[in-house]
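Student: My file is start.tsv. It has TSV, C-alpha atoms and all ligand atoms:
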chain	number	residue	atom	x	y	z
A	152	MET	CA	-72.90	-154.74	52.45
A	153	GLY	CA	-73.71	-151.64	50.43
A	154	VAL	CA	-72.20	-148.42	51.83
A	155	GLU	CA	-68.68	-147.38	50.86
A	156	GLN	CA	-66.54	-147.00	53.96
A	157	SER	CA	-64.98	-143.75	52.71
A	158	ALA	CA	-68.44	-142.10	52.70
A	159	VAL	CA	-69.01	-139.29	55.17
A	160	ASN	CA	-71.75	-139.12	57.78
A	161	ARG	CA	-72.76	-135.57	58.63
A	162	GLN	CA	-74.30	-135.17	62.07
A	163	ILE	CA	-75.76	-132.42	64.23
A	164	ARG	CA	-74.46	-132.63	67.79
A	165	LEU	CA	-75.51	-130.61	70.81
A	166	ALA	CA	-72.73	-128.04	71.41
A	167	ALA	CA	-74.28	-126.11	74.34
A	168	ARG	CA	-77.42	-126.17	76.46
A	169	PRO	CA	-79.61	-123.34	75.16
A	170	SER	CA	-81.09	-120.61	77.29
A	171	GLY	CA	-84.44	-119.57	75.81
A	172	LEU	CA	-84.84	-120.12	72.10
A	173	PRO	CA	-81.99	-122.29	70.69
A	174	LYS	CA	-79.35	-120.43	68.64
A	175	PRO	CA	-77.22	-121.80	65.77
A	176	SER	CA	-74.16	-121.95	68.08
A	177	ASP	CA	-75.99	-124.48	70.33
A	178	TRP	CA	-75.23	-127.07	67.60
A	179	SER	CA	-72.17	-128.31	65.80
A	180	LEU	CA	-72.01	-129.98	62.41
A	181	VAL	CA	-69.64	-132.94	62.69
A	182	GLN	CA	-68.39	-135.24	59.96
A	183	GLU	CA	-67.48	-138.87	60.63
A	184	PRO	CA	-66.97	-141.87	58.40
A	185	VAL	CA	-70.17	-143.81	57.78
A	186	PRO	CA	-70.13	-146.66	60.34
A	187	ALA	CA	-69.82	-150.29	59.30
A	188	PRO	CA	-72.26	-152.73	60.93
A	189	GLY	CA	-70.86	-155.32	63.30
A	190	GLU	CA	-72.54	-158.68	63.94
A	191	GLY	CA	-76.23	-158.03	64.83
A	192	GLU	CA	-76.14	-154.44	63.58
A	193	PHE	CA	-77.25	-152.52	60.51
A	194	VAL	CA	-76.83	-149.04	59.07
A	195	VAL	CA	-79.73	-146.79	58.12
A	196	GLU	CA	-79.52	-144.08	55.51
A	197	VAL	CA	-81.80	-141.48	57.06
A	198	SER	CA	-84.25	-139.82	54.67
A	199	HIS	CA	-86.76	-138.02	56.93
A	200	ILE	CA	-86.17	-136.43	60.34
A	201	SER	CA	-89.00	-135.60	62.73
A	202	LEU	CA	-88.97	-132.12	64.29
A	203	ASP	CA	-90.64	-132.07	67.70
A	204	PRO	CA	-91.22	-129.33	70.27
A	205	ALA	CA	-90.09	-131.86	72.90
A	206	MET	CA	-86.56	-131.61	71.46
A	207	ARG	CA	-86.25	-128.34	73.32
A	208	GLY	CA	-86.84	-130.13	76.65
A	209	TRP	CA	-84.37	-132.92	75.85
A	210	MET	CA	-81.63	-130.29	75.59
A	211	ASN	CA	-82.14	-129.05	79.15
A	212	ALA	CA	-80.03	-130.14	82.11
A	213	GLY	CA	-82.98	-131.09	84.37
A	214	ALA	CA	-84.67	-134.48	84.76
A	215	SER	CA	-87.64	-135.27	82.53
A	216	TYR	CA	-89.66	-138.25	81.29
A	217	ILE	CA	-86.74	-139.28	79.06
A	218	THR	CA	-82.96	-139.26	79.57
A	219	ARG	CA	-81.54	-135.82	78.89
A	220	LEU	CA	-79.20	-135.35	75.99
A	221	GLU	CA	-75.55	-134.71	76.90
A	222	VAL	CA	-73.50	-131.97	75.28
A	223	GLY	CA	-71.51	-133.55	72.45
A	224	GLU	CA	-74.14	-136.19	71.64
A	225	VAL	CA	-75.90	-136.48	68.29
A	226	MET	CA	-79.24	-134.65	68.58
A	227	ARG	CA	-81.96	-137.17	69.34
A	228	ALA	CA	-84.70	-137.43	66.71
A	229	GLY	CA	-87.21	-139.91	65.39
A	230	CYS	CA	-86.39	-140.72	61.76
A	231	VAL	CA	-87.35	-142.81	58.82
A	232	GLY	CA	-84.73	-144.26	56.52
A	233	ARG	CA	-83.60	-147.20	54.45
A	234	VAL	CA	-81.31	-150.00	55.57
A	235	SER	CA	-78.11	-149.48	53.55
A	236	ALA	CA	-75.87	-152.19	55.07
A	237	SER	CA	-76.75	-155.04	57.38
A	238	ALA	CA	-75.23	-157.79	59.48
A	239	HIS	CA	-78.54	-158.26	61.35
A	240	PRO	CA	-80.70	-161.30	60.66
A	241	ALA	CA	-84.01	-159.40	60.88
A	242	PHE	CA	-83.19	-156.25	58.85
A	243	ALA	CA	-82.30	-156.56	55.17
A	244	VAL	CA	-80.72	-153.97	52.89
A	245	GLY	CA	-83.45	-151.96	51.16
A	246	GLU	CA	-86.04	-152.22	53.94
A	247	HIS	CA	-87.51	-149.00	55.29
A	248	VAL	CA	-87.51	-148.44	59.05
A	249	TYR	CA	-88.51	-145.98	61.75
A	250	GLY	CA	-86.30	-145.46	64.79
A	251	THR	CA	-84.64	-142.87	67.00
A	252	PHE	CA	-81.69	-142.50	64.64
A	253	GLY	CA	-80.85	-138.86	65.46
A	254	VAL	CA	-80.08	-135.83	63.32
A	255	GLN	CA	-77.51	-137.47	61.03
A	256	GLU	CA	-77.31	-138.93	57.57
A	257	HIS	CA	-76.39	-142.50	58.56
A	258	ALA	CA	-77.13	-144.29	61.82
A	259	LEU	CA	-75.85	-147.56	63.26
A	260	SER	CA	-78.55	-149.66	64.96
A	261	ASP	CA	-78.93	-152.98	66.74
A	262	GLY	CA	-82.65	-153.00	65.96
A	263	LYS	CA	-83.91	-152.08	69.45
A	264	GLY	CA	-86.96	-149.82	69.16
A	265	VAL	CA	-86.85	-149.99	65.36
A	266	VAL	CA	-89.99	-150.78	63.38
A	267	LYS	CA	-90.31	-151.57	59.71
A	268	VAL	CA	-92.46	-149.24	57.62
A	269	ASP	CA	-93.96	-149.86	54.21
A	270	PRO	CA	-93.69	-147.02	51.67
A	271	SER	CA	-96.24	-148.75	49.45
A	272	LEU	CA	-98.93	-148.31	52.13
A	273	ALA	CA	-98.26	-144.65	53.03
A	274	PRO	CA	-95.68	-142.01	52.06
A	275	LEU	CA	-92.60	-142.15	54.31
A	276	PRO	CA	-93.27	-138.78	56.10
A	277	THR	CA	-96.67	-140.11	57.23
A	278	TYR	CA	-94.79	-142.58	59.46
A	279	LEU	CA	-93.63	-139.50	61.40
A	280	GLY	CA	-97.14	-137.97	61.28
A	281	ALA	CA	-100.51	-139.65	61.73
A	282	LEU	CA	-98.92	-143.12	61.56
A	283	GLY	CA	-96.01	-142.07	63.77
A	284	MET	CA	-95.34	-140.83	67.28
A	285	THR	CA	-97.53	-137.73	66.94
A	286	GLY	CA	-100.52	-139.70	65.65
A	287	LEU	CA	-100.07	-142.22	68.46
A	288	THR	CA	-99.94	-139.41	71.00
A	289	ALA	CA	-103.22	-138.02	69.68
A	290	TYR	CA	-104.76	-141.50	69.69
A	291	PHE	CA	-103.90	-142.48	73.26
A	292	GLY	CA	-104.35	-138.97	74.64
A	293	MET	CA	-107.81	-138.68	73.14
A	294	LEU	CA	-109.10	-142.19	73.72
A	295	ASP	CA	-107.34	-143.40	76.87
A	296	VAL	CA	-106.96	-140.17	78.81
A	297	GLY	CA	-109.58	-137.75	77.39
A	298	LYS	CA	-112.09	-140.59	76.84
A	299	VAL	CA	-114.00	-138.37	74.44
A	300	LYS	CA	-117.61	-139.44	73.80
A	301	ALA	CA	-120.28	-138.65	71.21
A	302	GLY	CA	-122.13	-135.44	71.92
A	303	GLU	CA	-119.36	-133.97	74.07
A	304	THR	CA	-117.56	-130.71	73.40
A	305	LEU	CA	-113.84	-131.14	72.74
A	306	VAL	CA	-111.35	-128.28	72.60
A	307	VAL	CA	-107.87	-128.86	71.15
A	308	SER	CA	-105.04	-126.32	71.41
A	309	GLY	CA	-102.17	-126.34	68.93
A	310	ALA	CA	-104.94	-127.69	66.74
A	311	ALA	CA	-103.27	-127.22	63.35
A	312	GLY	CA	-100.09	-129.01	64.44
A	313	ALA	CA	-99.13	-132.66	64.14
A	314	VAL	CA	-100.70	-133.95	67.35
A	315	GLY	CA	-103.55	-131.44	67.52
A	316	SER	CA	-104.84	-131.99	63.99
A	317	VAL	CA	-105.10	-135.75	64.54
A	318	ALA	CA	-106.55	-135.36	68.06
A	319	GLY	CA	-109.34	-133.13	66.73
A	320	GLN	CA	-110.12	-135.51	63.87
A	321	ILE	CA	-110.34	-138.43	66.30
A	322	GLY	CA	-112.76	-136.35	68.35
A	323	LYS	CA	-114.87	-135.75	65.24
A	324	LEU	CA	-115.03	-139.42	64.29
A	325	LYS	CA	-116.09	-140.26	67.85
A	326	GLY	CA	-119.00	-137.85	67.45
A	327	ALA	CA	-117.79	-134.91	69.54
A	328	ARG	CA	-118.30	-131.26	68.72
A	329	VAL	CA	-114.73	-130.10	68.08
A	330	ILE	CA	-113.27	-126.62	68.55
A	331	GLY	CA	-109.66	-126.01	67.56
A	332	ILE	CA	-107.44	-123.21	68.84
A	333	ALA	CA	-104.62	-122.23	66.46
A	334	GLY	CA	-102.59	-119.22	65.38
A	335	GLY	CA	-103.75	-117.47	62.22
A	336	GLU	CA	-106.64	-117.28	59.83
A	337	LYS	CA	-105.21	-119.81	57.37
A	338	LYS	CA	-104.76	-122.50	59.99
A	339	CYS	CA	-108.28	-121.91	61.31
A	340	ALA	CA	-109.73	-122.08	57.79
A	341	TRP	CA	-107.94	-125.43	57.26
A	342	LEU	CA	-109.40	-126.82	60.50
A	343	THR	CA	-113.01	-125.95	59.70
A	344	GLY	CA	-112.76	-126.23	55.90
A	345	GLU	CA	-110.77	-129.41	55.36
A	346	LEU	CA	-110.67	-131.26	58.67
A	347	GLY	CA	-114.32	-130.75	59.56
A	348	PHE	CA	-113.81	-129.05	62.93
A	349	ASP	CA	-117.01	-127.35	64.07
A	350	ALA	CA	-115.25	-124.12	64.99
A	351	ALA	CA	-111.76	-122.67	65.20
A	352	ILE	CA	-110.42	-119.86	67.38
A	353	ASP	CA	-107.49	-117.79	66.17
A	354	TYR	CA	-105.76	-117.09	69.49
A	355	LYS	CA	-103.54	-114.48	67.84
A	356	ALA	CA	-106.55	-112.37	66.78
A	357	GLU	CA	-109.34	-113.30	69.20
A	358	ASN	CA	-109.99	-113.33	72.91
A	359	VAL	CA	-110.00	-117.09	73.60
A	360	ARG	CA	-112.22	-116.84	76.66
A	361	LYS	CA	-114.87	-114.84	74.85
A	362	ALA	CA	-114.72	-117.05	71.78
A	363	LEU	CA	-115.18	-120.16	73.94
A	364	ARG	CA	-118.23	-118.63	75.53
A	365	ALA	CA	-119.74	-118.34	72.03
A	366	HIS	CA	-118.61	-121.72	70.67
A	367	ALA	CA	-119.00	-123.84	73.83
A	368	PRO	CA	-122.03	-122.38	75.60
A	369	ASP	CA	-122.51	-125.57	77.67
A	370	GLY	CA	-118.86	-125.81	78.62
A	371	VAL	CA	-115.91	-127.92	77.57
A	372	ASP	CA	-116.03	-131.66	78.35
A	373	VAL	CA	-112.54	-132.54	77.10
A	374	PHE	CA	-109.59	-130.22	76.61
A	375	PHE	CA	-106.61	-131.69	74.76
A	376	ASP	CA	-103.85	-129.22	75.61
A	377	ASN	CA	-100.65	-128.93	73.60
A	378	VAL	CA	-99.88	-125.34	74.53
A	379	GLY	CA	-100.30	-124.55	78.25
A	380	GLY	CA	-99.88	-121.00	79.60
A	381	GLU	CA	-102.60	-118.43	78.89
A	382	ILE	CA	-104.63	-120.78	76.68
A	383	LEU	CA	-104.88	-123.40	79.43
A	384	ASP	CA	-105.97	-120.69	81.83
A	385	ALA	CA	-108.64	-119.46	79.43
A	386	VAL	CA	-110.10	-122.95	78.89
A	387	LEU	CA	-110.12	-123.63	82.64
A	388	THR	CA	-112.76	-120.90	82.97
A	389	ARG	CA	-115.12	-122.70	80.57
A	390	LEU	CA	-115.24	-126.28	81.86
A	391	ALA	CA	-118.31	-128.48	81.97
A	392	ARG	CA	-118.90	-130.65	85.03
A	393	HIS	CA	-116.59	-133.71	85.09
A	394	ALA	CA	-114.38	-132.26	82.35
A	395	ARG	CA	-111.13	-134.05	81.50
A	396	ILE	CA	-108.03	-132.05	80.62
A	397	VAL	CA	-105.29	-133.95	78.82
A	398	ILE	CA	-101.89	-132.38	79.43
A	399	CYS	CA	-100.09	-133.46	76.28
A	400	GLY	CA	-97.64	-130.59	76.10
A	401	ALA	CA	-97.02	-126.92	76.86
A	402	VAL	CA	-95.21	-125.58	73.81
A	403	SER	CA	-95.82	-121.96	74.89
A	404	GLN	CA	-93.53	-122.59	77.87
A	405	TYR	CA	-90.62	-124.57	76.40
A	406	ASN	CA	-88.35	-121.60	75.66
A	407	ASN	CA	-89.13	-119.64	78.82
A	408	THR	CA	-86.17	-118.33	80.71
A	409	ASP	CA	-88.56	-117.58	83.61
A	410	PRO	CA	-90.24	-120.41	85.52
A	411	VAL	CA	-93.07	-122.24	83.73
A	412	ARG	CA	-96.39	-120.44	84.09
A	413	GLY	CA	-98.76	-122.65	86.07
A	414	PRO	CA	-102.54	-122.67	85.70
A	415	SER	CA	-103.82	-119.86	87.89
A	416	ASN	CA	-107.46	-120.86	87.30
A	417	TYR	CA	-106.95	-124.37	88.66
A	418	MET	CA	-109.72	-124.00	91.25
A	419	SER	CA	-112.10	-124.64	88.33
A	420	LEU	CA	-111.06	-128.29	88.67
A	421	LEU	CA	-112.74	-128.33	92.07
A	422	VAL	CA	-115.79	-126.32	91.07
A	423	PHE	CA	-116.46	-128.49	87.99
A	424	ARG	CA	-115.27	-131.81	89.53
A	425	ALA	CA	-112.77	-131.95	86.69
A	426	SER	CA	-109.47	-133.75	86.26
A	427	MET	CA	-106.20	-132.81	84.63
A	428	THR	CA	-103.94	-135.70	83.59
A	429	GLY	CA	-100.49	-135.75	82.07
A	430	MET	CA	-99.75	-138.34	79.41
A	431	VAL	CA	-96.57	-139.60	77.74
A	432	VAL	CA	-96.96	-141.64	74.58
A	433	PHE	CA	-94.03	-143.97	75.43
A	434	ASP	CA	-96.18	-145.53	78.19
A	435	TYR	CA	-98.32	-147.07	75.44
A	436	ALA	CA	-95.44	-148.72	73.53
A	437	GLY	CA	-97.02	-152.17	73.95
A	438	ARG	CA	-100.12	-150.97	72.07
A	439	TYR	CA	-98.52	-149.03	69.18
A	440	GLY	CA	-99.32	-151.81	66.69
A	441	GLU	CA	-103.06	-151.88	67.39
A	442	ALA	CA	-103.24	-148.06	67.38
A	443	MET	CA	-101.34	-147.77	64.08
A	444	ALA	CA	-103.64	-150.33	62.48
A	445	GLU	CA	-106.71	-148.37	63.59
A	446	LEU	CA	-105.25	-145.02	62.51
A	447	ALA	CA	-104.32	-146.51	59.10
A	448	GLY	CA	-107.87	-147.85	58.75
A	449	TRP	CA	-109.33	-144.41	59.51
A	450	MET	CA	-107.00	-142.88	56.92
A	451	ARG	CA	-108.07	-145.42	54.30
A	452	GLU	CA	-111.73	-144.62	55.02
A	453	GLY	CA	-111.00	-140.91	54.68
A	454	LEU	CA	-111.94	-140.20	58.31
A	455	ILE	CA	-108.48	-138.83	59.08
A	456	VAL	CA	-106.14	-136.75	56.97
A	457	SER	CA	-102.41	-136.74	57.72
A	458	ARG	CA	-100.74	-133.53	56.64
A	459	GLU	CA	-96.99	-133.30	56.66
A	460	ASP	CA	-95.05	-130.08	56.22
A	461	VAL	CA	-91.89	-131.36	54.55
A	462	VAL	CA	-88.85	-129.08	54.36
A	463	ARG	CA	-86.21	-130.33	51.91
A	464	GLY	CA	-82.61	-129.73	52.80
A	465	GLY	CA	-79.74	-131.24	54.73
A	466	VAL	CA	-78.92	-131.87	58.39
A	467	GLU	CA	-77.38	-128.36	58.45
A	468	ASP	CA	-80.96	-127.02	58.12
A	469	PHE	CA	-81.99	-128.64	61.39
A	470	HIS	CA	-81.76	-125.47	63.51
A	471	ASP	CA	-83.80	-123.22	61.20
A	472	THR	CA	-86.36	-125.97	60.67
A	473	LEU	CA	-86.75	-126.63	64.41
A	474	LEU	CA	-87.45	-122.96	65.02
A	475	ARG	CA	-90.42	-123.11	62.65
A	476	LEU	CA	-92.27	-125.04	65.40
A	477	PHE	CA	-91.87	-122.19	67.86
A	478	GLU	CA	-92.77	-119.58	65.23
A	479	GLY	CA	-95.91	-121.52	64.31
A	480	ALA	CA	-94.71	-121.70	60.71
A	481	ASN	CA	-95.70	-125.36	60.29
A	482	VAL	CA	-99.10	-126.78	59.39
A	483	GLY	CA	-99.35	-130.45	60.34
A	484	LYS	CA	-96.32	-132.60	61.03
A	485	LEU	CA	-92.97	-130.83	60.48
A	486	VAL	CA	-90.43	-133.09	58.77
A	487	LEU	CA	-86.92	-132.38	57.44
A	488	GLN	CA	-86.22	-134.45	54.35
A	489	VAL	CA	-82.49	-135.04	53.96
A	490	GLY	CA	-82.54	-137.80	51.35
A	491	GLY	CA	-84.79	-140.26	49.60
B	501	LIG	N1	-97.03	-136.18	75.83
B	501	LIG	C1	-96.48	-136.78	74.80
B	501	LIG	O1	-96.19	-137.98	74.80
B	501	LIG	C2	-96.20	-135.96	73.57
B	501	LIG	C3	-95.75	-136.55	72.38
B	501	LIG	C4	-95.56	-135.73	71.25
B	501	LIG	C5	-95.82	-134.36	71.34
B	501	LIG	N2	-96.22	-133.84	72.53
B	501	LIG	C6	-96.53	-132.41	72.69
B	501	LIG	O2	-97.58	-132.10	71.81
B	501	LIG	C7	-97.52	-130.73	71.47
B	501	LIG	C8	-97.63	-130.58	69.96
B	501	LIG	O3	-96.48	-131.18	69.36
B	501	LIG	P1	-96.42	-131.33	67.77
B	501	LIG	O4	-95.26	-132.20	67.49
B	501	LIG	O5	-97.74	-131.70	67.26
B	501	LIG	O6	-96.05	-129.85	67.31
B	501	LIG	P2	-96.92	-128.93	66.36
B	501	LIG	O7	-98.21	-128.65	67.05
B	501	LIG	O8	-96.96	-129.52	65.00
B	501	LIG	O9	-96.03	-127.61	66.27
B	501	LIG	C9	-95.96	-126.72	67.31
B	501	LIG	C10	-97.09	-125.66	67.20
B	501	LIG	O10	-97.21	-125.05	68.47
B	501	LIG	C11	-97.78	-123.77	68.30
B	501	LIG	N3	-97.06	-122.84	69.17
B	501	LIG	C12	-95.72	-122.57	69.19
B	501	LIG	N4	-95.45	-121.64	70.12
B	501	LIG	C13	-96.64	-121.30	70.70
B	501	LIG	C14	-97.04	-120.40	71.72
B	501	LIG	N5	-96.13	-119.64	72.35
B	501	LIG	N6	-98.34	-120.32	72.05
B	501	LIG	C15	-99.26	-121.09	71.41
B	501	LIG	N7	-98.95	-121.96	70.44
B	501	LIG	C16	-97.66	-122.06	70.08
B	501	LIG	C17	-97.61	-123.39	66.83
B	501	LIG	O11	-98.90	-123.35	66.24
B	501	LIG	P3	-99.77	-121.99	66.18
B	501	LIG	O12	-99.49	-121.39	64.86
B	501	LIG	O13	-101.14	-122.49	66.35
B	501	LIG	O14	-99.28	-121.10	67.29
B	501	LIG	C18	-96.79	-124.53	66.24
B	501	LIG	O15	-97.14	-124.83	64.92
B	501	LIG	C19	-96.22	-130.20	72.06
B	501	LIG	O16	-96.51	-129.57	73.28
B	501	LIG	C20	-95.42	-131.46	72.28
B	501	LIG	O17	-94.45	-131.30	73.29
B	501	LIG	C21	-96.42	-134.61	73.63
Spit out the file's structure as structure tokens when you get a sec.
Tutor:
Amino acid sequence: MGVEQSAVNRQIRLAARPSGLPKPSDWSLVQEPVPAPGEGEFVVEVSHISLDPAMRGWMNAGASYITRLEVGEVMRAGCVGRVSASAHPAFAVGEHVYGTFGVQEHALSDGKGVVKVDPSLAPLPTYLGALGMTGLTAYFGMLDVGKVKAGETLVVSGAAGAVGSVAGQIGKLKGARVIGIAGGEKKCAWLTGELGFDAAIDYKAENVRKALRAHAPDGVDVFFDNVGGEILDAVLTRLARHARIVICGAVSQYNNTDPVRGPSNYMSLLVFRASMTGMVVFDYAGRYGEAMAELAGWMREGLIVSREDVVRGGVEDFHDTLLRLFEGANVGKLVLQVGG
């Protein structure tokens, strides 16, 4: 069965609901014995933990698109790991898997929602990036909701992040003119230099509205928004007729202690006969397989690059690593590697 029963499982549990930016005291580091699998169960030794801005929302008390996390629970997280002990007929020791195993070193699973991943086809962190939830979000948001077409102008906010970088690259391979909005010169240089974006706007140094006027003189056909707030308002002033706005996220608002800032320029939707649609990747669960196969094909052909920003450490580094998302310190998919 593999794992010694005296081994310790270190976990990060939610200790308090944060107000504003999470603080170290909002978490507790708990040690438990590594679980033993019962009939139909297996244990995963977690090697890579996904850090997601949405984690901030899961910690809140209010209702959302997913069950809220209760104080005392292991912090929810998508992870990749290796099966270390198994009494499940479909999961063998040594296989690599993706699942919502949480911020802990070892997780017990009954296999629900778990998919096998193959480290010989792509590095394990990529299954949290372009071949993981963030890549799938970009895929369905761009193709099903944004319906980007050749010759259109696409703007992506949070463009150098996990979702944004893939969304922009999908726009490029569909023949759109792609403009990324990101924080900092280095991120913008990566977008235009390595990912082939047509233009990038550094929202920390430039006036986004003015820059859009220069880069999208005929207006914006599709806006893939990861950020919300002021950036959403700026893009709303530059829409083309029948524009589609994909509301993927609003990371600028997640740590607000004041109410979320709504789009004050929303009358542009009327003027430009535009639409604004929210999307949640989980609604596409039945199509993950086909999307992953297509994303993997694009990666093989060199049409899409998956960049992962891997921080090596332990589960105790979860808090500091999570904050990197809100500081904009990550480029591409932020992953905490705790083993492997
Ligand atoms: N709808 C869905 O199903 C779904 C699924 C997954 C993710 N999402 C959403 O997609 C978005 C991106 O997630 P991700 O995992 O790819 O994260 P990410 O973009 O890799 O990381 C977050 C980035 O957000 C930017 N940011 C942080 N605070 C900001 C602020 N105040 N104003 C502007 N930009 C700010 C930073 O980049 P800069 O340096 O450019 O500021 C940071 O690197 C999030 O809103 C997330 O909630 C939605």
Student: Counting only C-alpha atoms and all ligand atoms, what are the residues, protein, DNA or RNA alike, that approach ligand LIG 501 (chain B) to within 8 Å? I want them as a PyMOL selection string.
Tutor: chain A and resi 202-205+284-285+288+292+308-316+332-335+338+353-355+376-380+382+398-404+429-433+475-485
Student: Selection from above, C-alpha atoms, as a tab-separated table (two decimals), in the coordinates of the input, can you write it?
Tutor:
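Generated output (again-v4.tsv):
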chain	number	residue	atom	x	y	z
A	202	LEU	CA	-88.97	-132.12	64.29
A	203	ASP	CA	-90.64	-132.07	67.70
A	204	PRO	CA	-91.22	-129.33	70.27
A	205	ALA	CA	-90.09	-131.86	72.90
A	284	MET	CA	-95.34	-140.83	67.28
A	285	THR	CA	-97.53	-137.73	66.94
A	288	THR	CA	-99.94	-139.41	71.00
A	292	GLY	CA	-104.35	-138.97	74.64
A	308	SER	CA	-105.04	-126.32	71.41
A	309	GLY	CA	-102.17	-126.34	68.93
A	310	ALA	CA	-104.94	-127.69	66.74
A	311	ALA	CA	-103.27	-127.22	63.35
A	312	GLY	CA	-100.09	-129.01	64.44
A	313	ALA	CA	-99.13	-132.66	64.14
A	314	VAL	CA	-100.70	-133.95	67.35
A	315	GLY	CA	-103.55	-131.44	67.52
A	316	SER	CA	-104.84	-131.99	63.99
A	332	ILE	CA	-107.44	-123.21	68.84
A	333	ALA	CA	-104.62	-122.23	66.46
A	334	GLY	CA	-102.59	-119.22	65.38
A	335	GLY	CA	-103.75	-117.47	62.22
A	338	LYS	CA	-104.76	-122.50	59.99
A	353	ASP	CA	-107.49	-117.79	66.17
A	354	TYR	CA	-105.76	-117.09	69.49
A	355	LYS	CA	-103.54	-114.48	67.84
A	376	ASP	CA	-103.85	-129.22	75.61
A	377	ASN	CA	-100.65	-128.93	73.60
A	378	VAL	CA	-99.88	-125.34	74.53
A	379	GLY	CA	-100.30	-124.55	78.25
A	380	GLY	CA	-99.88	-121.00	79.60
A	382	ILE	CA	-104.63	-120.78	76.68
A	398	ILE	CA	-101.89	-132.38	79.43
A	399	CYS	CA	-100.09	-133.46	76.28
A	400	GLY	CA	-97.64	-130.59	76.10
A	401	ALA	CA	-97.02	-126.92	76.86
A	402	VAL	CA	-95.21	-125.58	73.81
A	403	SER	CA	-95.82	-121.96	74.89
A	404	GLN	CA	-93.53	-122.59	77.87
A	429	GLY	CA	-100.49	-135.75	82.07
A	430	MET	CA	-99.75	-138.34	79.41
A	431	VAL	CA	-96.57	-139.60	77.74
A	432	VAL	CA	-96.96	-141.64	74.58
A	433	PHE	CA	-94.03	-143.97	75.43
A	475	ARG	CA	-90.42	-123.11	62.65
A	476	LEU	CA	-92.27	-125.04	65.40
A	477	PHE	CA	-91.87	-122.19	67.86
A	478	GLU	CA	-92.77	-119.58	65.23
A	479	GLY	CA	-95.91	-121.52	64.31
A	480	ALA	CA	-94.71	-121.70	60.71
A	481	ASN	CA	-95.70	-125.36	60.29
A	482	VAL	CA	-99.10	-126.78	59.39
A	483	GLY	CA	-99.35	-130.45	60.34
A	484	LYS	CA	-96.32	-132.60	61.03
A	485	LEU	CA	-92.97	-130.83	60.48
Student: Could you tell me which of A:Ala356, A:Tyr216, A:Ile321, A:Met427 comes closest to A:Cys339 if we count only C-alpha atoms?
Tutor: A:Ala356
Student: Could I get the residues of stretch 214-283 of chain A with an atom no further than 12 Å from an atom of stretch 159-170 of chain A, each paired with its nearest atom pair and that distance in Å to one decimal, using all atoms listed in the file, sorted by chain and residue number, as a Markdown table?
Tutor:
| residue | atom | partner | partner_atom | distance |
| --- | --- | --- | --- | --- |
| A:Arg219 | CA | A:Arg168 | CA | 10.8 |
| A:Leu220 | CA | A:Leu165 | CA | 7.9 |
| A:Glu221 | CA | A:Leu165 | CA | 7.3 |
| A:Val222 | CA | A:Leu165 | CA | 5.1 |
| A:Gly223 | CA | A:Leu165 | CA | 5.2 |
| A:Glu224 | CA | A:Arg164 | CA | 5.3 |
| A:Val225 | CA | A:Arg164 | CA | 4.1 |
| A:Met226 | CA | A:Arg164 | CA | 5.2 |
| A:Arg227 | CA | A:Arg164 | CA | 8.9 |
| A:Ala228 | CA | A:Ile163 | CA | 10.5 |
| A:Phe252 | CA | A:Gln162 | CA | 10.7 |
| A:Gly253 | CA | A:Gln162 | CA | 8.2 |
| A:Val254 | CA | A:Ile163 | CA | 5.6 |
| A:Gln255 | CA | A:Gln162 | CA | 4.1 |
| A:Glu256 | CA | A:Asn160 | CA | 5.6 |
| A:His257 | CA | A:Asn160 | CA | 5.8 |
| A:Ala258 | CA | A:Asn160 | CA | 8.5 |
| A:Leu259 | CA | A:Asn160 | CA | 10.9 |
Student: Export C-alpha atoms of the chosen residues as a PDB file, in the coordinates of the input?
Tutor:
ATOM      1  CA  ARG A 219     -81.540-135.820  78.890  1.00  0.00           C
ATOM      2  CA  LEU A 220     -79.200-135.350  75.990  1.00  0.00           C
ATOM      3  CA  GLU A 221     -75.550-134.710  76.900  1.00  0.00           C
ATOM      4  CA  VAL A 222     -73.500-131.970  75.280  1.00  0.00           C
ATOM      5  CA  GLY A 223     -71.510-133.550  72.450  1.00  0.00           C
ATOM      6  CA  GLU A 224     -74.140-136.190  71.640  1.00  0.00           C
ATOM      7  CA  VAL A 225     -75.900-136.480  68.290  1.00  0.00           C
ATOM      8  CA  MET A 226     -79.240-134.650  68.580  1.00  0.00           C
ATOM      9  CA  ARG A 227     -81.960-137.170  69.340  1.00  0.00           C
ATOM     10  CA  ALA A 228     -84.700-137.430  66.710  1.00  0.00           C
ATOM     11  CA  PHE A 252     -81.690-142.500  64.640  1.00  0.00           C
ATOM     12  CA  GLY A 253     -80.850-138.860  65.460  1.00  0.00           C
ATOM     13  CA  VAL A 254     -80.080-135.830  63.320  1.00  0.00           C
ATOM     14  CA  GLN A 255     -77.510-137.470  61.030  1.00  0.00           C
ATOM     15  CA  GLU A 256     -77.310-138.930  57.570  1.00  0.00           C
ATOM     16  CA  HIS A 257     -76.390-142.500  58.560  1.00  0.00           C
ATOM     17  CA  ALA A 258     -77.130-144.290  61.820  1.00  0.00           C
ATOM     18  CA  LEU A 259     -75.850-147.560  63.260  1.00  0.00           C
TER      19      LEU A 259
END
Student: Provide the atom CA of A:Lys300 to atom CA of A:Glu445 distance in Å, to one decimal place.
Tutor: 17.4 Å
Student: How many Å separate atom CA of A:Arg424 from atom CA of A:Arg392?
Tutor: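 Calculated distance between atom CA of A:Arg424 and atom CA of A:Arg392 is 5.9 Å.
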Student: Atom CA of A:Gly208 and atom CA of A:Tyr405, how far apart in Å?
Tutor: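 Spanning atom CA of A:Tyr405 to atom CA of A:Gly208 is a straight-line distance of 6.7 Å.
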